[in-house]
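Report on the structure given below.
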Amino acid sequence: MGHIQPTNLGRRDFLVASLTAAGGLAIGVSLPGIAGAVPLNAVSPGGAPWDDAPPSAGEVNAWIVIEPDDSVVIRVAKAEMGEGVMTSMPMIVAEELACDWTKVRSEYASANRNVREQTVYKSMLTGGSSAVRASRPYLQQAGASARARLIEAAAKRWGVPSADCSAANSVVTHKASGRSLNYGALAGDAAKVVLAQEPAIKTPEQFTLIGNSTARLDTKVKVTGEAIFGIDVRLPDMLYAAVVTCPVPGGTVKNYDAKAILGHRGVQSVVPLATGVAVVADRFWRAKQAALALPIEWDFGAGAGTDSAQFRQEYRDALKGPLQNAKAVGDAGKAFGEGKVIEALYEVPYLAHATMEPLNCTVQLQPDRLDIWMGTQAPDITIGLAAKTVGLKPEQVYIHNCYLGGGFGRRAINDELVQALAVAKTVGKPVKLVWTREEDMRHDRYRPQAAISFKAVLGKDGMPTAIQAQTAVGSIMQSIKPMLDFPMGPGVEPLAVEGLVNMPYAIPNLKVDAVLKNTHVPVMFWRSVGSSQNAFAVESFIDELAHEAGQDPYQFRRKMLEGRPEFLHVLDMLAEKSNWSQKMPAGKGRGIAIHESFGTIVGEVVEVAVDSKGTPRCERVVAVVDCGHVINPRNVEMQIESGVIYGLTAALYNEITVKDGQIEQGNFDSYQMVRLADSPKIETYLALSGGTKWGGIGEPGTPPIAPALCNAIFAATGKRVRELPIRKTNLGSA
């Protein structure tokens with residue numbers, strides 16, 4: 001299939017696509033709970049809140065709208081935050097629909113309708129690299145159902161058996177007579193068709209669109225600036241709110257002097273919040289400046305006086321126990337008495353999400369309706385939170401989801417929404433609340449800090465006979481429970497030990513223990529969640545064992561992965577594509593790591609140069625991916641590159657530190673990013689195992705990069721990096 005044809009859609013037109021014109025067809029799969037949908041996005045022409053009108057009479061189901069001019073609108077129930085769902089989801093539907101891809105456009109599905117029609121779009125949460133994995137079967141079915149109805153409509157018009165007709169490129173053809181009809185001409189009739197049974201969906205070997213590198217549908221509007229992100233939204237008569245939060249997370253306001261700023265130009269009011277205040281003005285700059293000038297006395301709470309050095313020691317001490325067992329194979333305790341024990345401790349800091357677009361939310365609250373414009377990873381969950389906050393029914397809440405300027409897990413919980421609603425209830429007008437970069441970074445919900453210890457015994461053949469892993473790490477579920485009240489299951493929190501309990505290596509005796517330890521610093525999902533820290537520890541330790549055994553790190557892993565053909569396929573291709581066997585010059589090294597997360601195996605090799613001052617420079621990254629099957633290879637390449645850069649940034653530079661209970665980092669001057677000039681060459685290769693496997697791709701590229709880089713540094717310098725970020729380790733000759 002080719003690239004997207006240029007369109008004449010304006011900025012507003014793209015974002016507020018109207019319902020199908022008379023005679024159009026909206027189509028989906030006739031399964032229980034699958035029903036029609038309406039377009040949903042930012043602001044309608046004229047700037048008024050978008051109206052969630054009822055579906056047209058010709059609509060059949062939720063996912064597909066076919067216009068009389070043959071254009072096809074495919075609705076997407078996931079959030080577009082750069083991971084490409086606005087293209088991959090439509091590709092799945094279009095594969096079965098057999099439509100002209102050049103006439104396809106995508107739009108958000110309605111979260112409000114999802115509430116009103118008993119989760120017509122199922123879960124709308126975008127996270128855990130689950131969009132394709134979870135949605136593919138029913139999206140394929142939606143496309144297949146639409147195609148079958150179009151064929152049936154044409155067959156009835158011609159008076160021929162539907163079995164004698166076929167569909168391709170948005171045309172239904174009766175081969176025997178040579179007659180054909182475009183989808184647009186059939187839409188109205190097809191809407192009335194009731195199928196005796198749903199058609200079978202294609203198997204991967206039958207795909208014609210899926211698996212081809214395809215240009216993204218959202219590229220043009222993002223390049224031209226037509227795309228609407230939450231921070232772009234404007235409403236008539238809208239006020240702006242800037243937030244000041246207690247410098248110590250969890251602290252509260254003792255008192256403040258609103259009179260000191262209410263005379264400032266444009267300032268309307270000061271609204272108390274749970275952990276701070278919001279200043280409301282007719283311009284955001286005025287609100288921000290007044291907020292900075294507002295005299296506030298704080299109650300710093302339990303976190304007052306704490307610091308990062310204290311936390312580091314506390315996490316180390318927590319490893320002394322008691323701990324809870326997460327996995328036990330064989331008898332590791334006995335094995336440790338039968339050989340030399342190798343031990344290592346790995347430590348990772350709190351990390352911010354540092355999304356390009358800081359948190360923001362625009363709301364218009366009316367007595368019987370609430371409209372929300374924002375970028376959220378979980379619009380259906382957001383509706384429930386909003387309804388509870390303002391006392392409306394969920395079906396009275398309308399989420400107009402915008403493009404997300406980065407999510408990485410942060411936009412799955414919407415602190416900014418709760419604050420915006422508090423302001424809206426006070427001022428009685430549409431309100432746009434924006435976090436400054438400093439607020440966004442100092443009041444994030446961070447990647448947990450952790451201390452992870454390993455010890456192992458090597459047998460006579462140099463292979464480990466026992467491994468014990470212990471982790472002390474913050475509990476994400478405990479941290480977010482006050483906000484969303486997620487149920488806490490028994491046993492060890494899976495997020496804390498993912499990447500540890502599912503180590504792929506053949507180890508006769510394995511023991512994994514964990515202790516959950518939280519501080520006053522809130523924690524949450526971060527790109528690749530527990531795998532981000534645990535892969536660093538596992539793959540660094542495996543490399544240390546290989547060195548202790550005097551074996552090549554690639555060959556050492558290969559022996560430990562016997563019986564795991566899918567891992568071996570990735571590992572062997574990785575060695576081949578990275579030229580693993582070629583010797584590196586002095587001052588340079590090559591490191592390897594492999595990890596499975598979210599159903600996808602990713603192996604990465606890093607080539608690094610370390611100069612005489614001990615400064616590392618990542619020059620090349622080779623990644624090999626097995627996600628089973630691929631929707632859009634181009635998108636896989638983009639996501640691996642994104643995951644590598646995100647993880648590389650964290651590994652080299654980033655940590656959130658605490659002093660006197662407060663977060664020290666406030667902007668990108670103190671929370672450095674990998675810049676274009678410092679970016680390595682990244683090569684991505686597919687080693688697909690096929691079968692029934694459909695893995696995720698948004699997150700799995702991140703976990704292997706830190707250990708591969710640290711292992712490469714060891715190869716170049718002989719120095720082990722056991723604490724991130726790498727800049728804290730002296731890699732120089734001194």
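Labels for the structure tokens follow display order: chains A, B, ..., residues from 1 in each chain, ligands from 1.
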Using only C-alpha atoms, which residues sit within 9 Å of Ile726 (chain A) once same-chain residues fewer than 5 positions away are excluded, as a PyMOL selection string?
-> chain A and resi 616+650-654+710+721+731
Gly301 (chain A) environment, 12 Å, only C-alpha atoms, sequence neighbours closer than 3 positions dropped, as a CSV table (one decimal) with C-alpha atoms, in the first residue's frame:
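Generated output (selection.csv):
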chain,number,residue,atom,x,y,z
A,246,CYS,CA,3.8,22.5,48.3
A,247,PRO,CA,7.5,22.1,47.6
A,248,VAL,CA,7.6,18.9,49.6
A,249,PRO,CA,5.4,16.2,48.0
A,250,GLY,CA,2.5,15.4,50.2
A,251,GLY,CA,2.6,18.7,52.1
A,252,THR,CA,-0.2,21.2,52.4
A,253,VAL,CA,-1.0,24.9,52.7
A,254,LYS,CA,-1.1,26.4,56.2
A,275,THR,CA,-1.7,20.4,48.1
A,298,TRP,CA,3.4,25.6,54.0
A,304,ALA,CA,10.2,17.4,55.6
A,305,GLY,CA,14.0,17.1,56.1
A,306,THR,CA,14.5,13.9,54.1
A,520,HIS,CA,6.8,10.6,50.6
A,521,VAL,CA,7.8,10.8,46.9
A,660,ASP,CA,15.1,18.8,52.6
A,661,GLY,CA,12.2,16.8,51.3
A,662,GLN,CA,12.0,18.8,48.1
Top pick for closest residue to Pro394 (chain A), considering A:Leu676, A:Gln118, A:Ala352, A:Leu186 and counting only C-alpha atoms |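 Going through A:Leu676, A:Gln118, A:Ala352, A:Leu186 one by one, the smallest distance to Pro394 (chain A) is for A:Gln118.
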Could you name the residues that touch Ala154 (chain A) at 9 Å or less, counting only C-alpha atoms, but leaving out those on the same chain fewer than 3 positions away, as an MDAnalysis selection string?
-> chainID A and resid 149:151 157:160 162 165 172:174 180:181 186 189:190
File of the preceding selection, all heavy atoms, as a compact mmCIF listing (two decimals), in the first residue's frame:
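Here's the written file result-v7.txt:
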# COMPACT_ATOMS: atom_id res chain seq x y z
N ARG A 149 -20.92 -7.00 4.90
CA ARG A 149 -22.18 -6.27 4.72
C ARG A 149 -22.20 -5.52 3.39
O ARG A 149 -23.24 -5.43 2.71
CB ARG A 149 -22.38 -5.30 5.89
CG ARG A 149 -22.80 -5.99 7.19
CD ARG A 149 -22.74 -5.01 8.36
NE ARG A 149 -23.42 -5.53 9.53
CZ ARG A 149 -22.92 -6.45 10.35
NH1 ARG A 149 -21.72 -6.96 10.13
NH2 ARG A 149 -23.62 -6.88 11.40
N LEU A 150 -21.06 -4.95 3.04
CA LEU A 150 -20.97 -4.26 1.75
C LEU A 150 -21.18 -5.23 0.59
O LEU A 150 -21.88 -4.93 -0.39
CB LEU A 150 -19.62 -3.56 1.63
CG LEU A 150 -19.45 -2.34 2.55
CD1 LEU A 150 -17.98 -2.03 2.77
CD2 LEU A 150 -20.17 -1.12 1.98
N ILE A 151 -20.58 -6.40 0.69
CA ILE A 151 -20.76 -7.41 -0.35
C ILE A 151 -22.21 -7.87 -0.42
O ILE A 151 -22.80 -8.00 -1.51
CB ILE A 151 -19.81 -8.61 -0.09
CG1 ILE A 151 -18.35 -8.19 -0.32
CG2 ILE A 151 -20.17 -9.80 -0.98
CD1 ILE A 151 -17.34 -9.25 0.08
N ARG A 157 -28.59 -5.97 -4.50
CA ARG A 157 -28.94 -5.01 -5.54
C ARG A 157 -28.89 -5.66 -6.92
O ARG A 157 -29.70 -5.35 -7.80
CB ARG A 157 -28.01 -3.80 -5.46
CG ARG A 157 -28.44 -2.66 -6.37
CD ARG A 157 -27.56 -1.44 -6.19
NE ARG A 157 -27.62 -0.84 -4.86
CZ ARG A 157 -27.03 0.31 -4.54
NH1 ARG A 157 -26.36 0.99 -5.45
NH2 ARG A 157 -27.11 0.77 -3.30
N TRP A 158 -27.93 -6.56 -7.10
CA TRP A 158 -27.78 -7.22 -8.40
C TRP A 158 -28.62 -8.50 -8.52
O TRP A 158 -28.75 -9.05 -9.60
CB TRP A 158 -26.31 -7.58 -8.63
CG TRP A 158 -25.42 -6.37 -8.78
CD1 TRP A 158 -25.71 -5.19 -9.36
CD2 TRP A 158 -24.07 -6.26 -8.32
NE1 TRP A 158 -24.64 -4.33 -9.31
CE2 TRP A 158 -23.60 -4.97 -8.68
CE3 TRP A 158 -23.19 -7.12 -7.65
CZ2 TRP A 158 -22.33 -4.53 -8.39
CZ3 TRP A 158 -21.91 -6.68 -7.37
CH2 TRP A 158 -21.48 -5.39 -7.73
N GLY A 159 -29.12 -8.98 -7.38
CA GLY A 159 -29.87 -10.23 -7.40
C GLY A 159 -29.01 -11.44 -7.65
O GLY A 159 -29.42 -12.38 -8.36
N VAL A 160 -27.82 -11.45 -7.06
CA VAL A 160 -26.90 -12.57 -7.24
C VAL A 160 -26.46 -13.06 -5.87
O VAL A 160 -26.58 -12.35 -4.87
CB VAL A 160 -25.66 -12.15 -8.07
CG1 VAL A 160 -26.08 -11.66 -9.46
CG2 VAL A 160 -24.85 -11.07 -7.34
N SER A 162 -24.18 -13.66 -2.76
CA SER A 162 -23.05 -12.89 -2.24
C SER A 162 -21.73 -13.65 -2.42
O SER A 162 -20.68 -13.03 -2.54
CB SER A 162 -23.27 -12.56 -0.76
OG SER A 162 -23.41 -13.74 0.00
N CYS A 165 -19.56 -12.60 -5.28
CA CYS A 165 -19.02 -11.23 -5.28
C CYS A 165 -17.77 -11.14 -4.40
O CYS A 165 -17.60 -11.92 -3.47
CB CYS A 165 -20.07 -10.24 -4.78
SG CYS A 165 -21.61 -10.26 -5.72
N VAL A 172 -16.87 -3.34 -4.68
CA VAL A 172 -17.42 -4.69 -4.71
C VAL A 172 -17.67 -5.06 -6.17
O VAL A 172 -18.27 -4.29 -6.93
CB VAL A 172 -18.74 -4.78 -3.91
CG1 VAL A 172 -19.34 -6.18 -4.01
CG2 VAL A 172 -18.50 -4.42 -2.45
N THR A 173 -17.24 -6.25 -6.55
CA THR A 173 -17.31 -6.68 -7.95
C THR A 173 -18.03 -8.01 -8.07
O THR A 173 -17.82 -8.92 -7.26
CB THR A 173 -15.89 -6.82 -8.54
OG1 THR A 173 -15.22 -5.56 -8.43
CG2 THR A 173 -15.93 -7.24 -10.00
N HIS A 174 -18.90 -8.09 -9.11
CA HIS A 174 -19.50 -9.38 -9.50
C HIS A 174 -18.76 -9.83 -10.74
O HIS A 174 -18.98 -9.32 -11.85
CB HIS A 174 -21.00 -9.22 -9.78
CG HIS A 174 -21.67 -10.49 -10.15
ND1 HIS A 174 -22.37 -10.67 -11.34
CD2 HIS A 174 -21.74 -11.69 -9.49
CE1 HIS A 174 -22.84 -11.90 -11.40
NE2 HIS A 174 -22.47 -12.53 -10.29
N SER A 180 -19.70 -3.59 -10.94
CA SER A 180 -19.01 -3.19 -9.72
C SER A 180 -19.67 -1.95 -9.14
O SER A 180 -20.30 -1.17 -9.86
CB SER A 180 -17.53 -2.91 -9.99
OG SER A 180 -17.38 -1.82 -10.87
N LEU A 181 -19.53 -1.80 -7.84
CA LEU A 181 -20.05 -0.64 -7.12
C LEU A 181 -19.03 -0.20 -6.07
O LEU A 181 -18.43 -1.03 -5.38
CB LEU A 181 -21.37 -0.97 -6.43
CG LEU A 181 -22.61 -1.09 -7.33
CD1 LEU A 181 -23.76 -1.72 -6.56
CD2 LEU A 181 -23.00 0.28 -7.87
N LEU A 186 -22.72 1.96 -1.78
CA LEU A 186 -23.36 0.83 -1.09
C LEU A 186 -23.62 1.11 0.39
O LEU A 186 -24.28 0.32 1.06
CB LEU A 186 -22.49 -0.41 -1.22
CG LEU A 186 -22.36 -1.02 -2.62
CD1 LEU A 186 -21.21 -2.02 -2.66
CD2 LEU A 186 -23.68 -1.69 -3.03
N ASP A 189 -27.29 0.99 1.95
CA ASP A 189 -27.88 -0.35 1.95
C ASP A 189 -27.15 -1.28 2.92
O ASP A 189 -27.77 -2.09 3.61
CB ASP A 189 -27.85 -0.95 0.55
CG ASP A 189 -28.81 -0.26 -0.40
OD1 ASP A 189 -29.72 0.44 0.09
OD2 ASP A 189 -28.65 -0.41 -1.63
N ALA A 190 -25.84 -1.14 2.95
CA ALA A 190 -25.06 -2.03 3.82
C ALA A 190 -25.39 -1.82 5.28
O ALA A 190 -25.33 -2.75 6.09
CB ALA A 190 -23.56 -1.82 3.58
Looking only at alpha helix (DSSP H) from DSSP on the backbone, list the matching residues of region 254-398 of chain A as an MDAnalysis selection string.
-> chainID A and resid 284:293 308:318 332:335 379:390
Identify which of the residues A:Tyr315, A:Phe556, A:Trp373, A:Tyr505 lies closest to Thr519 (chain A), counting only C-alpha atoms when measuring atom-to-atom distances.
->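 Among the listed residues, the smallest separation from Thr519 (chain A) belongs to A:Tyr315.
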Can you check which parts of region 445-557 of chain A lie within 8 Å of region 685-709 of chain A? Per residue, the shortest pair of atoms and distance in Å to one decimal, counting only C-alpha atoms, sorted by chain and number, as a tab-separated table.
residue	atom	partner	partner_atom	distance
A:Arg527	CA	A:Glu699	CA	5.8
A:Ser528	CA	A:Glu699	CA	5.0
A:Ser531	CA	A:Pro703	CA	5.8
A:Ser532	CA	A:Pro703	CA	4.6
A:Gln533	CA	A:Pro703	CA	7.4
A:Ala535	CA	A:Pro703	CA	5.6
A:Phe536	CA	A:Pro707	CA	4.7
A:Ala537	CA	A:Pro707	CA	7.4
A:Glu539	CA	A:Pro707	CA	5.7
A:Ser540	CA	A:Pro707	CA	5.3
